Structures are given as structure tokens and as C-alpha cells.
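The data block below is my_file_38.txt; it holds compact mmCIF, C-alpha atoms.
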# COMPACT_ATOMS: atom_id res chain seq x y z
CA MET A 1 -10.52 15.17 13.73
CA THR A 2 -7.86 13.26 11.79
CA PHE A 3 -9.44 10.38 9.89
CA ALA A 4 -8.19 7.53 7.66
CA ARG A 5 -9.89 4.54 6.09
CA VAL A 6 -8.98 1.83 3.56
CA ALA A 7 -12.11 0.04 2.33
CA PRO A 8 -13.72 -1.50 -0.76
CA GLU A 9 -16.80 0.76 -0.73
CA ALA A 10 -17.22 3.54 -3.30
CA ILE A 11 -15.84 6.87 -2.02
CA ASP A 12 -18.27 9.74 -1.47
CA PRO A 13 -16.12 12.89 -1.79
CA ALA A 14 -18.73 15.01 0.01
CA GLU A 15 -18.57 12.70 3.03
CA VAL A 16 -14.75 13.01 3.18
CA LEU A 17 -14.93 16.78 2.71
CA ALA A 18 -17.48 17.07 5.53
CA ARG A 19 -14.92 15.61 7.97
CA VAL A 20 -12.78 18.76 7.79
CA GLY A 21 -13.42 22.50 7.92
CA SER A 22 -14.16 24.82 10.80
CA PHE A 23 -14.80 28.52 11.41
CA ARG A 24 -11.07 28.86 12.15
CA ASP A 25 -10.17 27.71 8.64
CA GLY A 26 -10.03 29.98 5.62
CA ALA A 27 -8.85 27.19 3.30
CA THR A 28 -10.45 23.81 2.61
CA LEU A 29 -8.94 21.55 -0.02
CA LEU A 30 -10.18 18.29 -1.59
CA PHE A 31 -7.94 16.09 -3.75
CA LEU A 32 -9.38 13.14 -5.69
CA GLY A 33 -7.32 10.42 -7.35
CA VAL A 34 -9.37 9.12 -10.29
CA VAL A 35 -9.00 6.12 -12.62
CA ARG A 36 -7.98 7.49 -16.04
CA ASP A 37 -8.38 5.98 -19.48
CA HIS A 38 -4.71 5.61 -20.40
CA ALA A 39 -1.29 4.64 -19.04
CA ASP A 40 1.38 6.38 -21.06
CA GLU A 41 -0.04 5.86 -24.56
CA ARG A 42 -1.91 2.63 -23.82
CA PRO A 43 -5.73 2.77 -23.51
CA VAL A 44 -7.00 1.56 -20.12
CA SER A 45 -10.50 0.20 -19.46
CA GLY A 46 -10.37 -0.10 -15.66
CA MET A 47 -8.23 -0.86 -12.65
CA ARG A 48 -8.03 -3.41 -9.87
CA TYR A 49 -6.65 -2.27 -6.50
CA ASP A 50 -5.36 -4.84 -4.02
CA ALA A 51 -4.67 -3.84 -0.41
CA TYR A 52 -3.22 -5.28 2.78
CA GLN A 53 -6.26 -3.75 4.39
CA GLU A 54 -5.40 -3.99 8.09
CA MET A 55 -1.88 -2.64 7.70
CA ALA A 56 -2.88 -0.06 5.07
CA GLY A 57 -5.45 1.40 7.46
CA GLU A 58 -2.75 1.84 10.10
CA VAL A 59 -0.18 3.29 7.66
CA LEU A 60 -2.75 5.68 6.21
CA MET A 61 -3.60 6.94 9.71
CA THR A 62 0.10 7.50 10.43
CA ILE A 63 0.44 9.49 7.18
CA ALA A 64 -2.67 11.53 8.04
CA GLU A 65 -1.26 12.30 11.50
CA GLU A 66 2.09 13.37 10.03
CA ALA A 67 0.24 15.63 7.58
CA ALA A 68 -1.82 17.09 10.42
CA GLU A 69 1.37 17.93 12.26
CA ARG A 70 2.67 19.81 9.21
CA LEU A 71 -0.69 21.46 8.76
CA GLY A 72 -0.89 22.65 12.34
CA THR A 73 -4.54 21.52 12.62
CA ASP A 74 -6.08 18.07 13.14
CA ARG A 75 -8.36 18.52 10.12
CA VAL A 76 -7.09 15.86 7.72
CA ALA A 77 -9.31 13.11 6.28
CA VAL A 78 -8.15 10.50 3.78
CA VAL A 79 -9.91 7.48 2.29
CA HIS A 80 -8.40 4.90 -0.08
CA ARG A 81 -10.48 2.36 -1.95
CA PHE A 82 -9.63 -1.11 -3.22
CA GLY A 83 -11.28 -3.70 -5.48
CA GLU A 84 -12.37 -3.29 -9.12
CA LEU A 85 -12.74 0.34 -10.21
CA ALA A 86 -14.21 1.67 -13.46
CA LEU A 87 -12.92 4.67 -15.40
CA GLY A 88 -13.69 7.92 -13.60
CA GLU A 89 -14.14 6.27 -10.21
CA VAL A 90 -12.34 7.74 -7.21
CA SER A 91 -9.50 5.63 -5.77
CA VAL A 92 -8.36 8.10 -3.11
CA ALA A 93 -9.85 11.23 -1.52
CA ILE A 94 -7.86 13.65 0.66
CA ALA A 95 -9.54 16.55 2.47
CA VAL A 96 -7.65 19.10 4.58
CA SER A 97 -8.46 22.47 6.08
CA SER A 98 -6.39 25.14 7.77
CA PRO A 99 -6.47 28.87 8.54
CA HIS A 100 -4.42 29.68 5.39
CA ARG A 101 -4.00 28.00 1.99
CA ALA A 102 -0.24 27.34 1.93
CA GLU A 103 -0.30 24.70 4.69
CA ALA A 104 -3.41 23.08 3.19
CA TYR A 105 -1.75 22.60 -0.20
CA GLU A 106 1.42 21.32 1.43
CA ALA A 107 -0.40 18.83 3.67
CA SER A 108 -2.57 17.50 0.82
CA ARG A 109 0.51 16.99 -1.36
CA TYR A 110 2.32 15.30 1.52
CA VAL A 111 -0.46 12.73 1.94
CA ILE A 112 -0.60 11.67 -1.73
CA GLU A 113 3.19 11.46 -2.08
CA GLU A 114 3.50 9.34 1.09
CA VAL A 115 0.63 7.10 -0.06
CA LYS A 116 2.57 6.33 -3.23
CA GLU A 117 5.77 5.77 -1.25
CA ARG A 118 4.60 3.43 1.51
CA LEU A 119 0.90 2.47 1.55
CA PRO A 120 0.64 -1.33 1.09
CA VAL A 121 -1.70 -1.06 -1.90
CA TRP A 122 -1.19 -2.31 -5.47
CA LYS A 123 -2.92 -1.65 -8.76
CA LYS A 124 -3.44 -3.72 -11.84
CA GLU A 125 -4.31 -1.92 -15.03
CA HIS A 126 -6.81 -3.53 -17.38
CA TYR A 127 -5.94 -2.48 -20.93
CA VAL A 128 -8.44 -2.13 -23.74
CA ASP A 129 -6.56 -4.86 -25.67
CA GLY A 130 -7.56 -7.38 -22.98
CA VAL A 131 -4.23 -7.65 -21.16
CA SER A 132 -3.91 -6.79 -17.43
CA GLU A 133 -0.67 -5.90 -15.65
CA TRP A 134 0.37 -4.89 -12.15
CA VAL A 135 1.70 -1.34 -12.18
CA GLU A 136 5.41 -1.08 -11.39
CA GLY A 137 5.70 0.26 -7.85
CA THR A 138 8.02 1.60 -5.19
CA VAL A 139 9.93 -0.44 -2.59
CA PRO A 140 8.77 1.05 0.74
CA PRO A 141 11.41 2.55 3.06
CA GLY A 142 12.52 0.37 5.98
CA THR A 143 12.37 -2.91 4.05
CA ALA A 144 14.90 -4.73 1.83
CA PRO A 145 18.39 -3.17 1.60
CA ALA A 146 18.60 -0.22 -0.79
CA ALA A 147 21.07 -2.05 -3.04
CA GLU A 148 18.38 -4.63 -3.77
CA GLY A 149 15.74 -2.01 -4.51
CA ALA A 150 16.19 -2.03 -8.27
CA ALA A 151 16.01 -5.81 -8.52
CA VAL A 152 12.97 -6.03 -6.27
CA GLY A 153 11.34 -3.16 -8.16
CA LYS A 154 11.50 -5.23 -11.35
CA GLU A 155 9.01 -7.58 -9.71
CA GLY A 156 6.12 -5.38 -10.69
CA ASP A 157 6.82 -5.89 -14.39
CA ALA A 158 5.85 -9.52 -14.62
CA MET B 1 9.79 -26.61 19.24
CA PRO B 2 8.71 -25.29 15.79
CA VAL B 3 7.50 -21.71 15.50
CA PRO B 4 4.36 -21.26 13.36
CA VAL B 5 4.36 -18.05 11.30
CA ARG B 6 1.41 -16.74 9.30
CA THR B 7 2.62 -15.66 5.86
CA LEU B 8 0.59 -13.38 3.54
CA PHE B 9 0.94 -12.73 -0.20
CA PHE B 10 -0.46 -9.85 -2.25
CA ALA B 11 -0.85 -8.64 -5.82
CA ALA B 12 1.77 -10.10 -8.22
CA HIS B 13 3.04 -12.54 -5.56
CA ARG B 14 -0.44 -13.85 -4.90
CA ASP B 15 -1.11 -14.26 -8.64
CA ARG B 16 2.10 -16.21 -9.16
CA LEU B 17 1.72 -18.48 -6.13
CA GLY B 18 -2.01 -18.91 -6.54
CA LEU B 19 -2.50 -18.41 -2.81
CA SER B 20 -2.90 -15.55 -0.37
CA GLU B 21 -1.92 -17.12 2.92
CA LEU B 22 0.20 -19.94 4.30
CA THR B 23 1.34 -21.03 7.76
CA VAL B 24 5.03 -21.97 7.83
CA GLU B 25 6.79 -23.78 10.68
CA LEU B 26 10.23 -22.38 11.43
CA ALA B 27 12.98 -23.30 13.87
CA GLN B 28 13.45 -21.32 17.09
CA GLY B 29 15.46 -18.16 16.47
CA ALA B 30 14.53 -17.98 12.78
CA THR B 31 14.50 -14.63 10.97
CA VAL B 32 12.59 -13.33 7.95
CA ALA B 33 15.56 -14.37 5.79
CA ASP B 34 15.13 -17.96 7.02
CA LEU B 35 11.44 -17.85 6.11
CA VAL B 36 12.28 -16.60 2.61
CA ALA B 37 14.91 -19.35 2.18
CA GLU B 38 12.50 -22.02 3.43
CA LEU B 39 9.79 -20.95 0.97
CA ARG B 40 12.08 -20.48 -2.04
CA GLY B 41 13.62 -23.89 -1.26
CA ARG B 42 10.25 -25.50 -1.96
CA GLY B 43 10.81 -24.83 -5.66
CA SER B 44 8.11 -23.86 -8.16
CA PRO B 45 6.15 -21.63 -7.77
CA PHE B 46 7.72 -20.39 -4.52
CA ASP B 47 11.07 -19.80 -6.22
CA THR B 48 9.38 -16.87 -8.02
CA LEU B 49 9.48 -14.94 -4.71
CA PRO B 50 12.37 -12.44 -4.65
CA GLU B 51 15.52 -13.43 -2.77
CA GLN B 52 15.44 -10.07 -0.97
CA PRO B 53 11.74 -9.21 -0.70
CA ALA B 54 10.27 -6.23 1.09
CA VAL B 55 8.28 -7.52 4.05
CA ALA B 56 6.13 -6.36 6.92
CA VAL B 57 6.18 -8.18 10.27
CA ASN B 58 3.03 -7.72 12.34
CA ARG B 59 1.96 -4.86 10.01
CA THR B 60 5.21 -2.90 10.29
CA TYR B 61 7.84 -2.75 7.52
CA ALA B 62 10.86 -4.80 8.53
CA MET B 63 14.30 -5.84 7.35
CA LEU B 64 15.25 -9.41 6.50
CA ASN B 65 17.21 -9.93 9.74
CA GLU B 66 14.05 -9.37 11.84
CA PRO B 67 13.63 -12.29 14.29
CA LEU B 68 10.31 -14.15 14.21
CA GLY B 69 8.25 -15.65 17.01
CA ALA B 70 5.22 -17.91 17.25
CA GLY B 71 2.09 -16.32 15.78
CA ASP B 72 3.92 -13.54 13.94
CA GLU B 73 2.34 -12.32 10.71
CA VAL B 74 4.78 -11.83 7.83
CA ALA B 75 3.54 -10.16 4.64
CA PHE B 76 5.54 -10.24 1.41
CA ILE B 77 5.20 -6.73 0.00
CA PRO B 78 5.65 -6.28 -3.77
CA PRO B 79 6.64 -2.72 -4.72
CA VAL B 80 3.65 -0.59 -3.65
CA ALA B 81 1.54 1.48 -6.05
CA GLY B 82 -1.28 3.24 -4.20
CA GLY B 83 -2.96 6.49 -5.13
Represent the structure of the file as C-alpha cells.
Amino acid sequence: MTFARVAPEAIDPAEVLARVGSFRDGATLLFLGVVRDHADERPVSGMRYDAYQEMAGEVLMTIAEEAAERLGTDRVAVVHRFGELALGEVSVAIAVSSPHRAEAYEASRYVIEEVKERLPVWKKEHYVDGVSEWVEGTVPPGTAPAAEGAAVGKEGDA
Amino acid sequence: MPVPVRTLFFAAHRDRLGLSELTVELAQGATVADLVAELRGRGSPFDTLPEQPAVAVNRTYAMLNEPLGAGDEVAFIPPVAGG
């Protein structure tokens, strides 16, 4: 069954994985987004994720349903976390399963790319030098006019 | 009769304003653009909000000409960065 959740609790990848898979499926895929220790060349010590939780839950479900349609099965599960995350912690987990591998890879990739494009979630990098900055993001489709996109995008720099 | 609108701020906007939520009273027939103008017109720190922000109305992305009604929830959406 298609599943989506946006919550502050630590993600258990095994729990997300267990939501997909069936005897009809020859391919099961798990993608984990993990907090890494650098941004470009700058050392990072951790990350804060902010979320518009109620809307993000709805948008994530829509993305999961779109992925399921591409996949041709309903076996898509995706969980996104928010709050303070340490290095190595999982920020997003995507599990999909399908009879063959090609659709599974495509659906998994679709979910992560759409998350970056339109999930109302933000991240602030904490650098080892003590400074913290919001990561420059993407203006979601269906909002401010495209011509303003560049100017609005600059927002994230401050 | 004024129309109360619940306004939400996240991430960089919330940091700059020092608040996450505000109820704003608008005139009948007001749009998101009117809400933005009303807030920015208050001066510092509200003038740090973009003139053309991305917004969601009642949890759906919307354009600035979206009309608003009593009890609507308008979120200012800084450029998103999930994943």
C-alpha cells in the first residue's frame, strides 16, 4: 500500500522497507538520504530540517501516488524526517518494489527528485566553524511567476 | 467586514521575523498580493519578506492573485530544500 509520512522521529529503514515487497515483485529498492559531513568543500557538523508538516505530509503522499502510477504497483513507501539531525542520520527513506527492476529504479528516482522540487521542507547546515546557513532551495512550481524565480531563490542565501 | 487570515512563516522567513504565525485582518475581496503588501507595509522586519513570495493557500501552492476568505491559511514558502 502506498505510504507517506513527514515526522520528527528517527527513521527506521527496515520499517519503511517492510511496507513494500510482495511475491509478485522481483525487485525491491531502498534509497536513504543521509546527512553528510561536507557541503562543497566546507565541513558540516549537522543539519536542521524545518517542515510545514501538515502540507508536506499531503504533498509527499501525492508524490508517492504519482510514483506508484509510474511503477505500475501500489508498493511505494516514503518517510521524511525533520528537526535536528546528526551526521550519518537518515533524512529521507524511499522504498519501492515491482515485478522488474527498471520501474523500481525509475520510481525511486522520481520520488527524490520531486521531493527536492516541491516538498515544503527546508534545511539549515551547521558548519564546523560554528556558522549555520539555510541551504539555497528551489521555488516550487505553481507559485510566484517564473520571472521572479531567480530573485526569490536568492532568499535562501541570507 | 474584515477577513481574518492565518499566516505562517518557515525557515529563513521565520528566523528573520522572529515569529512563526500571525493572524492578519484583510478587506473583503483581498488576494495574496494584498496580504504581502499589508505585511511589507508594516516595515522592519516584515519588509524582509520578498515582494513576490512563493505561497501556499490552505496547503496548496498558489499564485499571488489567489483570492482569500475568512479562515484561510497562507504559508510563505522560502525556496524548498528537502531530501
ask   = What is the atom CA of B:Leu64-atom CA of B:Leu35 distance in Å, reported with one decimal?
value =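 For atom CA of B:Leu64 relative to atom CA of B:Leu35, the distance reads 9.3 Å.
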Each residue of chain B with at least one atom at most 6 Å from chain A should appear once, together with its nearest atom pair and the corresponding distance in Å (one decimal); atoms considered: all atoms listed in the file; ordering: chain, then increasing residue number; output as a Markdown table.
| residue | atom | partner | partner_atom | distance |
| --- | --- | --- | --- | --- |
| B:Ala54 | CA | A:Thr143 | CA | 4.9 |
| B:Arg59 | CA | A:Met55 | CA | 5.0 |
| B:Tyr61 | CA | A:Thr143 | CA | 5.7 |
| B:Ala62 | CA | A:Thr143 | CA | 5.1 |
| B:Met63 | CA | A:Thr143 | CA | 4.8 |
| B:Pro79 | CA | A:Gly137 | CA | 4.4 |
| B:Val80 | CA | A:Gly137 | CA | 4.8 |
| B:Ala81 | CA | A:Gly137 | CA | 4.7 |
| B:Gly82 | CA | A:Val121 | CA | 4.9 |
| B:Gly83 | CA | A:Lys116 | CA | 5.8 |
Write out the residues from the selection above, keeping C-alpha atoms, as a CSV table (one decimal), in the coordinates of the input.
chain,number,residue,atom,x,y,z
B,54,ALA,CA,10.3,-6.2,1.1
B,59,ARG,CA,2.0,-4.9,10.0
B,61,TYR,CA,7.8,-2.8,7.5
B,62,ALA,CA,10.9,-4.8,8.5
B,63,MET,CA,14.3,-5.8,7.4
B,79,PRO,CA,6.6,-2.7,-4.7
B,80,VAL,CA,3.6,-0.6,-3.6
B,81,ALA,CA,1.5,1.5,-6.0
B,82,GLY,CA,-1.3,3.2,-4.2
B,83,GLY,CA,-3.0,6.5,-5.1
message = Can you tell me which residues surround A:Tyr110 at a distance of at most 10 Å, considering all atoms listed in the file, apart from same-chain residues fewer than 6 positions away, and format the answer as a ChimeraX atom specification?
response = /A:63-64,66-68,70-71,104
Go ahead and dump the residues you just picked, C-alpha atoms, as a JSON list (two decimals), keeping the file's coordinate frame.
[["chain", "number", "residue", "atom", "x", "y", "z"],
["A", 63, "ILE", "CA", 0.44, 9.49, 7.18],
["A", 64, "ALA", "CA", -2.67, 11.53, 8.04],
["A", 66, "GLU", "CA", 2.09, 13.37, 10.03],
["A", 67, "ALA", "CA", 0.24, 15.63, 7.58],
["A", 68, "ALA", "CA", -1.82, 17.09, 10.42],
["A", 70, "ARG", "CA", 2.67, 19.81, 9.21],
["A", 71, "LEU", "CA", -0.69, 21.46, 8.76],
["A", 104, "ALA", "CA", -3.41, 23.08, 3.19]]
task = State, in Å with one decimal place, the distance from atom CA of B:Leu49 to atom CA of B:Val36.
result =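 Answer for the atom CA of B:Leu49 to atom CA of B:Val36 separation: 8.0 Å.
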ask   = Nearest to A:Ala7: which of A:Ala102, A:Gly130, A:Glu125, A:Gly83 is it, counting all atoms listed in the file?
value = A:Gly83
Could you work out an axis-aligned box for stretch 45-61 of chain B, taking every atom the file lists and adding 8 Å on each side, and report centre and edge lengths in Å to one decimal, as JSON?
{"center_x": 8.7, "center_y": -12.2, "center_z": 2.2, "size_x": 29.6, "size_y": 34.9, "size_z": 36.4}
message = So, with all atoms listed in the file as the atoms that count, which of B:Pro45, B:Val3, B:Glu38, B:Val74 lies closest to B:Leu19?
response = B:Pro45
message = Please report the interatomic distance between atom CA of B:Ala75 and atom CA of A:Phe3 in Å with one decimal.
response = 24.9 Å
inquiry  = With all atoms listed in the file as the counted atoms, please give the residues lying no more than 9 Å from stretch 13-15 of chain B, apart from itself and same-chain residues fewer than 5 positions off, as JSON, numbers by chain.
reply    = {"A": [155], "B": [8, 20, 21, 48, 49, 76, 77, 78]}
Those residues you just picked out, can you put them in a file as a PDB file, in the frame of the given file with C-alpha atoms?
ATOM      1  CA  GLU A 155       9.010  -7.580  -9.710  1.00  0.00           C
TER       2      GLU A 155
ATOM      3  CA  LEU B   8       0.590 -13.380   3.540  1.00  0.00           C
ATOM      4  CA  SER B  20      -2.900 -15.550  -0.370  1.00  0.00           C
ATOM      5  CA  GLU B  21      -1.920 -17.120   2.920  1.00  0.00           C
ATOM      6  CA  THR B  48       9.380 -16.870  -8.020  1.00  0.00           C
ATOM      7  CA  LEU B  49       9.480 -14.940  -4.710  1.00  0.00           C
ATOM      8  CA  PHE B  76       5.540 -10.240   1.410  1.00  0.00           C
ATOM      9  CA  ILE B  77       5.200  -6.730   0.000  1.00  0.00           C
ATOM     10  CA  PRO B  78       5.650  -6.280  -3.770  1.00  0.00           C
TER      11      PRO B  78
END
